[in-house]
Amino acid sequence: MKRNGTIAVLAAALILAGCSGTAQNNESKSETETTADTSFAVTTTTTENTEPPAEETTSDEEEVSEEVLYDWTPISQAYLAGDPSGLDEIQTEIYTKASEVIDKIITDGMSDYDKELAIHDYIIQNVEYDIGMLGIFEDHGEHAGDPYGALVDGKCICSGYTTTFNMFMDMLGIPCTSTMAAADGDEPHAWNMVQIDGHWYYTDVTWDDPVPDIKGRPEHHKYFNTSKEVMASRHVWDSSSDPVCDTDKDSYAAHELVTVSSTDDIVNALKAAVEKRSANVYFIPEDPEGWSLEETDAVDTYLTAGVIGGKTLKIAQRDFKNAKGSCFIQWQRMKIGDKIAVSGTILL
């Protein structure tokens, strides 16, 4: 899709605003409903309007609802059974594409964490957010809210990212749930929880996908197997029925955490992240002298290199920029396990 200057600005705003949704009547009230079966759980938010119902209208095109998530379970169950004969035409196309993806990127010997990361990164690298949703009329594709939009059309909105991710997890036998609620106030938004090695984590594939979509741009992993605290900073939902998220052992940050002893080590860590197409790097200085690591920062608070790492981090940042070219790095102190580490987000 061609992006003009206005769309580019709107698209950039998505990083801050999440998925766009329709405004709700001030007199409306919401209630939460939870449905579940043996393979997935979905939390949806429904709205009861106190005003008289509007006159019914019909359309030749199916409208994508941001309040009801697409049911992918016939596809995942057909995959597990090895029999897609009962699927309709659309489901069969999704099944075929999803099967091809699994055959291509999932290999024997992969852990559940590795499989999840491979699916997360595949979706981000091959799907773009349907920025038509960012326009005044919120005009998106017919299948923007389901795996057909993601895997066949290559474009979707948050519900498409979420249902596609959950479908893949079901196909791979990894416990996963989907939530449809809100973010940044009252904007409808969807995300997942996933169980790895007996522990539950939050994952928001939509918010890890940079907008606008630029080939080769590193994907983010801030919302890959993250904590409830990180999610709660901008996501709004009733978490009372969520599985307990009580560890960061299989968070992306914990898996990527390294110890550095020089500016060269920091530069190499930044380069290594970009080489594997990640915008995120996490490290702990071997010698904490000259570093300010006594406390962590709020989830969305970023500091300059000098404030966190003094001269050492400033030099490393300069050397990386000289080697990589124009970029910006957001620095933050965060707790990983029982340590306070440095987090860097590379914006190219």
# chains A, B, ... in the order shown; residues from 1 in each chain; ligands from 1
>>> select_by_dssp(residues="segment 54-255 of chain A", states="strand (DSSP E)", output="PyMOL selection string")
chain A and resi 128-129+155-156+176-183+187-196+199-203+235-236
>>> residues_around(residues="segment 312-326 of chain A", least_positions_apart="2", cutoff="9 Å", atoms="only C-alpha atoms", output="MDAnalysis selection string")
chainID A and resid 262:268 270:271 290:291 304:306 308:310 328:329 348
>>> write_last_selection(atoms="C-alpha atoms", output="mmCIF file, in the first residue's frame")
data_model
loop_
_atom_site.group_PDB
_atom_site.id
_atom_site.type_symbol
_atom_site.label_atom_id
_atom_site.label_comp_id
_atom_site.auth_asym_id
_atom_site.auth_seq_id
_atom_site.Cartn_x
_atom_site.Cartn_y
_atom_site.Cartn_z
ATOM 1 C CA SER A 262 34.008 -3.062 27.670
ATOM 2 C CA THR A 263 32.598 -0.610 25.163
ATOM 3 C CA ASP A 264 33.444 -3.113 22.422
ATOM 4 C CA ASP A 265 31.268 -5.722 24.152
ATOM 5 C CA ILE A 266 28.337 -3.294 24.184
ATOM 6 C CA VAL A 267 28.823 -2.396 20.511
ATOM 7 C CA ASN A 268 29.025 -6.086 19.607
ATOM 8 C CA LEU A 270 24.030 -4.038 19.635
ATOM 9 C CA LYS A 271 25.369 -5.327 16.318
ATOM 10 C CA GLY A 290 30.468 4.386 36.823
ATOM 11 C CA TRP A 291 27.044 2.929 36.100
ATOM 12 C CA THR A 304 20.099 9.029 27.944
ATOM 13 C CA ALA A 305 23.188 6.841 27.706
ATOM 14 C CA GLY A 306 25.151 9.144 29.994
ATOM 15 C CA ILE A 308 22.688 5.183 32.942
ATOM 16 C CA GLY A 309 26.202 4.247 31.890
ATOM 17 C CA GLY A 310 28.228 7.430 32.027
ATOM 18 C CA PHE A 328 18.367 6.256 17.846
ATOM 19 C CA ILE A 329 18.669 4.123 20.981
ATOM 20 C CA LEU A 348 16.397 2.525 12.712
#
>>> select_by_dssp(residues="segment 187-336 of chain A", states="alpha helix (DSSP H)", output="PDB file with C-alpha atoms, in the first residue's frame")
ATOM      1  CA  VAL A 205       2.603  -9.443  18.499  1.00  0.00           C
ATOM      2  CA  THR A 206       0.873  -6.335  17.130  1.00  0.00           C
ATOM      3  CA  TRP A 207       2.846  -3.939  19.272  1.00  0.00           C
ATOM      4  CA  ASP A 208       6.112  -5.706  18.444  1.00  0.00           C
ATOM      5  CA  LYS A 228       1.800  -8.288  33.694  1.00  0.00           C
ATOM      6  CA  GLU A 229       3.451  -5.082  34.919  1.00  0.00           C
ATOM      7  CA  VAL A 230       4.657  -4.191  31.421  1.00  0.00           C
ATOM      8  CA  MET A 231       1.271  -4.992  29.884  1.00  0.00           C
ATOM      9  CA  ALA A 232      -0.668  -3.057  32.515  1.00  0.00           C
ATOM     10  CA  TYR A 252      12.989 -12.492  25.604  1.00  0.00           C
ATOM     11  CA  ALA A 253      14.994 -10.239  27.922  1.00  0.00           C
ATOM     12  CA  ALA A 254      16.112 -13.140  30.128  1.00  0.00           C
ATOM     13  CA  HIS A 255      17.121 -15.267  27.137  1.00  0.00           C
ATOM     14  CA  GLU A 256      19.137 -12.463  25.521  1.00  0.00           C
ATOM     15  CA  THR A 263      32.598  -0.610  25.163  1.00  0.00           C
ATOM     16  CA  ASP A 264      33.444  -3.113  22.422  1.00  0.00           C
ATOM     17  CA  ASP A 265      31.268  -5.722  24.152  1.00  0.00           C
ATOM     18  CA  ILE A 266      28.337  -3.294  24.184  1.00  0.00           C
ATOM     19  CA  VAL A 267      28.823  -2.396  20.511  1.00  0.00           C
ATOM     20  CA  ASN A 268      29.025  -6.086  19.607  1.00  0.00           C
ATOM     21  CA  ALA A 269      25.825  -6.794  21.558  1.00  0.00           C
ATOM     22  CA  LEU A 270      24.030  -4.038  19.635  1.00  0.00           C
ATOM     23  CA  LYS A 271      25.369  -5.327  16.318  1.00  0.00           C
ATOM     24  CA  ALA A 272      24.381  -8.905  17.177  1.00  0.00           C
ATOM     25  CA  ALA A 273      20.814  -7.808  17.922  1.00  0.00           C
ATOM     26  CA  VAL A 274      20.479  -6.048  14.563  1.00  0.00           C
ATOM     27  CA  GLU A 275      22.027  -8.995  12.703  1.00  0.00           C
ATOM     28  CA  ALA A 305      23.188   6.841  27.706  1.00  0.00           C
ATOM     29  CA  GLY A 306      25.151   9.144  29.994  1.00  0.00           C
ATOM     30  CA  VAL A 307      22.611   8.986  32.812  1.00  0.00           C
ATOM     31  CA  ILE A 308      22.688   5.183  32.942  1.00  0.00           C
ATOM     32  CA  GLY A 309      26.202   4.247  31.890  1.00  0.00           C
ATOM     33  CA  GLY A 310      28.228   7.430  32.027  1.00  0.00           C
ATOM     34  CA  LYS A 311      31.153   7.751  29.641  1.00  0.00           C
ATOM     35  CA  THR A 312      31.277   4.020  28.876  1.00  0.00           C
ATOM     36  CA  LEU A 313      27.759   3.792  27.463  1.00  0.00           C
ATOM     37  CA  LYS A 314      28.046   7.140  25.662  1.00  0.00           C
ATOM     38  CA  ILE A 315      31.178   5.958  23.844  1.00  0.00           C
ATOM     39  CA  ALA A 316      29.597   2.608  22.978  1.00  0.00           C
ATOM     40  CA  GLN A 317      26.514   4.350  21.600  1.00  0.00           C
ATOM     41  CA  ARG A 318      28.672   6.702  19.507  1.00  0.00           C
ATOM     42  CA  ASP A 319      30.778   3.850  18.121  1.00  0.00           C
ATOM     43  CA  PHE A 320      27.693   1.817  17.217  1.00  0.00           C
ATOM     44  CA  LYS A 321      26.083   4.762  15.429  1.00  0.00           C
ATOM     45  CA  ASN A 322      29.318   5.409  13.528  1.00  0.00           C
ATOM     46  CA  ALA A 323      29.354   1.782  12.395  1.00  0.00           C
ATOM     47  CA  LYS A 324      25.638   1.375  11.716  1.00  0.00           C
TER      48      LYS A 324
END
>>> atom_distance(atom1="atom CA of Gly185 of chain A", atom2="atom CA of Asp238 of chain A")
13.3 Å
>>> closest_residue(among="A:Ala279, A:Ala144, A:Leu293, A:Ile119", to="Thr345 of chain A", atoms="only C-alpha atoms")
A:Ala279
>>> residues_around(residues="Ile157 of chain A", least_positions_apart="3", cutoff="6 Å", atoms="only C-alpha atoms", output="number ranges by chain")
A: 129-130, 144-145, 160
>>> residues_around(residues="segment 78-86 of chain A", least_positions_apart="4", cutoff="12 Å", atoms="only C-alpha atoms", output="PyMOL selection string")
chain A and resi 39+72-74+90-100+102+167-173
>>> write_last_selection(atoms="N, CA and C atoms", output="CSV table (one decimal), in the first residue's frame")
chain,number,residue,atom,x,y,z
A,39,SER,N,-8.9,-26.1,23.8
A,39,SER,CA,-7.7,-25.7,23.1
A,39,SER,C,-7.4,-24.2,23.2
A,72,TRP,N,-10.5,-19.9,15.2
A,72,TRP,CA,-9.5,-20.6,14.4
A,72,TRP,C,-9.4,-22.1,14.7
A,73,THR,N,-10.2,-22.5,15.7
A,73,THR,CA,-10.0,-23.9,16.2
A,73,THR,C,-10.3,-25.0,15.2
A,74,PRO,N,-11.3,-24.8,14.3
A,74,PRO,CA,-11.4,-25.9,13.3
A,74,PRO,C,-10.2,-26.1,12.5
A,90,ILE,N,-12.2,-20.9,2.7
A,90,ILE,CA,-11.3,-19.9,3.4
A,90,ILE,C,-10.4,-20.6,4.4
A,91,GLN,N,-11.0,-21.5,5.2
A,91,GLN,CA,-10.3,-22.2,6.2
A,91,GLN,C,-9.2,-23.1,5.6
A,92,THR,N,-9.5,-23.7,4.5
A,92,THR,CA,-8.5,-24.5,3.8
A,92,THR,C,-7.3,-23.7,3.3
A,93,GLU,N,-7.6,-22.5,2.8
A,93,GLU,CA,-6.4,-21.7,2.4
A,93,GLU,C,-5.6,-21.3,3.6
A,94,ILE,N,-6.2,-21.0,4.7
A,94,ILE,CA,-5.4,-20.7,5.9
A,94,ILE,C,-4.7,-21.9,6.4
A,95,TYR,N,-5.3,-23.1,6.4
A,95,TYR,CA,-4.7,-24.3,6.8
A,95,TYR,C,-3.4,-24.6,5.9
A,96,THR,N,-3.6,-24.4,4.6
A,96,THR,CA,-2.5,-24.7,3.7
A,96,THR,C,-1.3,-23.8,4.0
A,97,LYS,N,-1.6,-22.5,4.1
A,97,LYS,CA,-0.5,-21.6,4.3
A,97,LYS,C,0.2,-21.8,5.7
A,98,ALA,N,-0.6,-22.0,6.7
A,98,ALA,CA,-0.1,-22.2,8.0
A,98,ALA,C,0.8,-23.5,8.1
A,99,SER,N,0.3,-24.5,7.4
A,99,SER,CA,1.1,-25.8,7.4
A,99,SER,C,2.4,-25.5,6.7
A,100,GLU,N,2.4,-24.8,5.6
A,100,GLU,CA,3.7,-24.4,4.9
A,100,GLU,C,4.6,-23.7,5.8
A,102,ILE,N,4.8,-23.7,9.1
A,102,ILE,CA,5.4,-24.6,10.1
A,102,ILE,C,6.4,-25.5,9.5
A,167,MET,N,-3.6,-19.5,16.8
A,167,MET,CA,-3.8,-20.7,15.9
A,167,MET,C,-2.5,-21.5,15.8
A,168,PHE,N,-1.4,-20.8,15.5
A,168,PHE,CA,-0.1,-21.5,15.4
A,168,PHE,C,0.3,-22.2,16.7
A,169,MET,N,0.1,-21.5,17.8
A,169,MET,CA,0.4,-22.1,19.1
A,169,MET,C,-0.4,-23.4,19.3
A,170,ASP,N,-1.7,-23.4,19.0
A,170,ASP,CA,-2.6,-24.6,19.1
A,170,ASP,C,-2.0,-25.7,18.2
A,171,MET,N,-1.6,-25.3,17.0
A,171,MET,CA,-1.1,-26.3,16.0
A,171,MET,C,0.1,-26.9,16.5
A,172,LEU,N,0.9,-26.2,17.3
A,172,LEU,CA,2.2,-26.7,17.8
A,172,LEU,C,2.1,-27.3,19.2
A,173,GLY,N,0.8,-27.3,19.7
A,173,GLY,CA,0.6,-27.9,21.0
A,173,GLY,C,1.1,-27.1,22.2
>>> atom_distance(atom1="atom CA of Ile106 of chain A", atom2="atom CA of Tyr122 of chain A")
10.7 Å
>>> residues_around(residues="Leu303 of chain A", least_positions_apart="5", cutoff="8 Å", atoms="only C-alpha atoms", output="PyMOL selection string")
chain A and resi 308+330-332
>>> write_last_selection(atoms="N, CA and C atoms", output="short mmCIF file (atom, residue, chain, number, x, y, z; two decimals), in the first residue's frame")
data_model
loop_
_atom_site.label_atom_id
_atom_site.label_comp_id
_atom_site.auth_asym_id
_atom_site.auth_seq_id
_atom_site.Cartn_x
_atom_site.Cartn_y
_atom_site.Cartn_z
N ILE A 308 22.63 6.58 32.49
CA ILE A 308 22.69 5.18 32.94
C ILE A 308 24.12 4.66 33.01
N GLN A 330 16.94 3.94 22.65
CA GLN A 330 16.26 4.24 23.91
C GLN A 330 16.86 3.37 25.01
N TRP A 331 17.34 4.00 26.08
CA TRP A 331 17.98 3.26 27.16
C TRP A 331 17.07 3.23 28.38
N GLN A 332 17.14 2.13 29.10
CA GLN A 332 16.27 1.94 30.25
C GLN A 332 16.90 0.93 31.21
#
>>> closest_residue(among="A:Glu286, A:Glu142, A:Asp209, A:Asp338", to="His120 of chain A", atoms="only C-alpha atoms")
A:Asp209
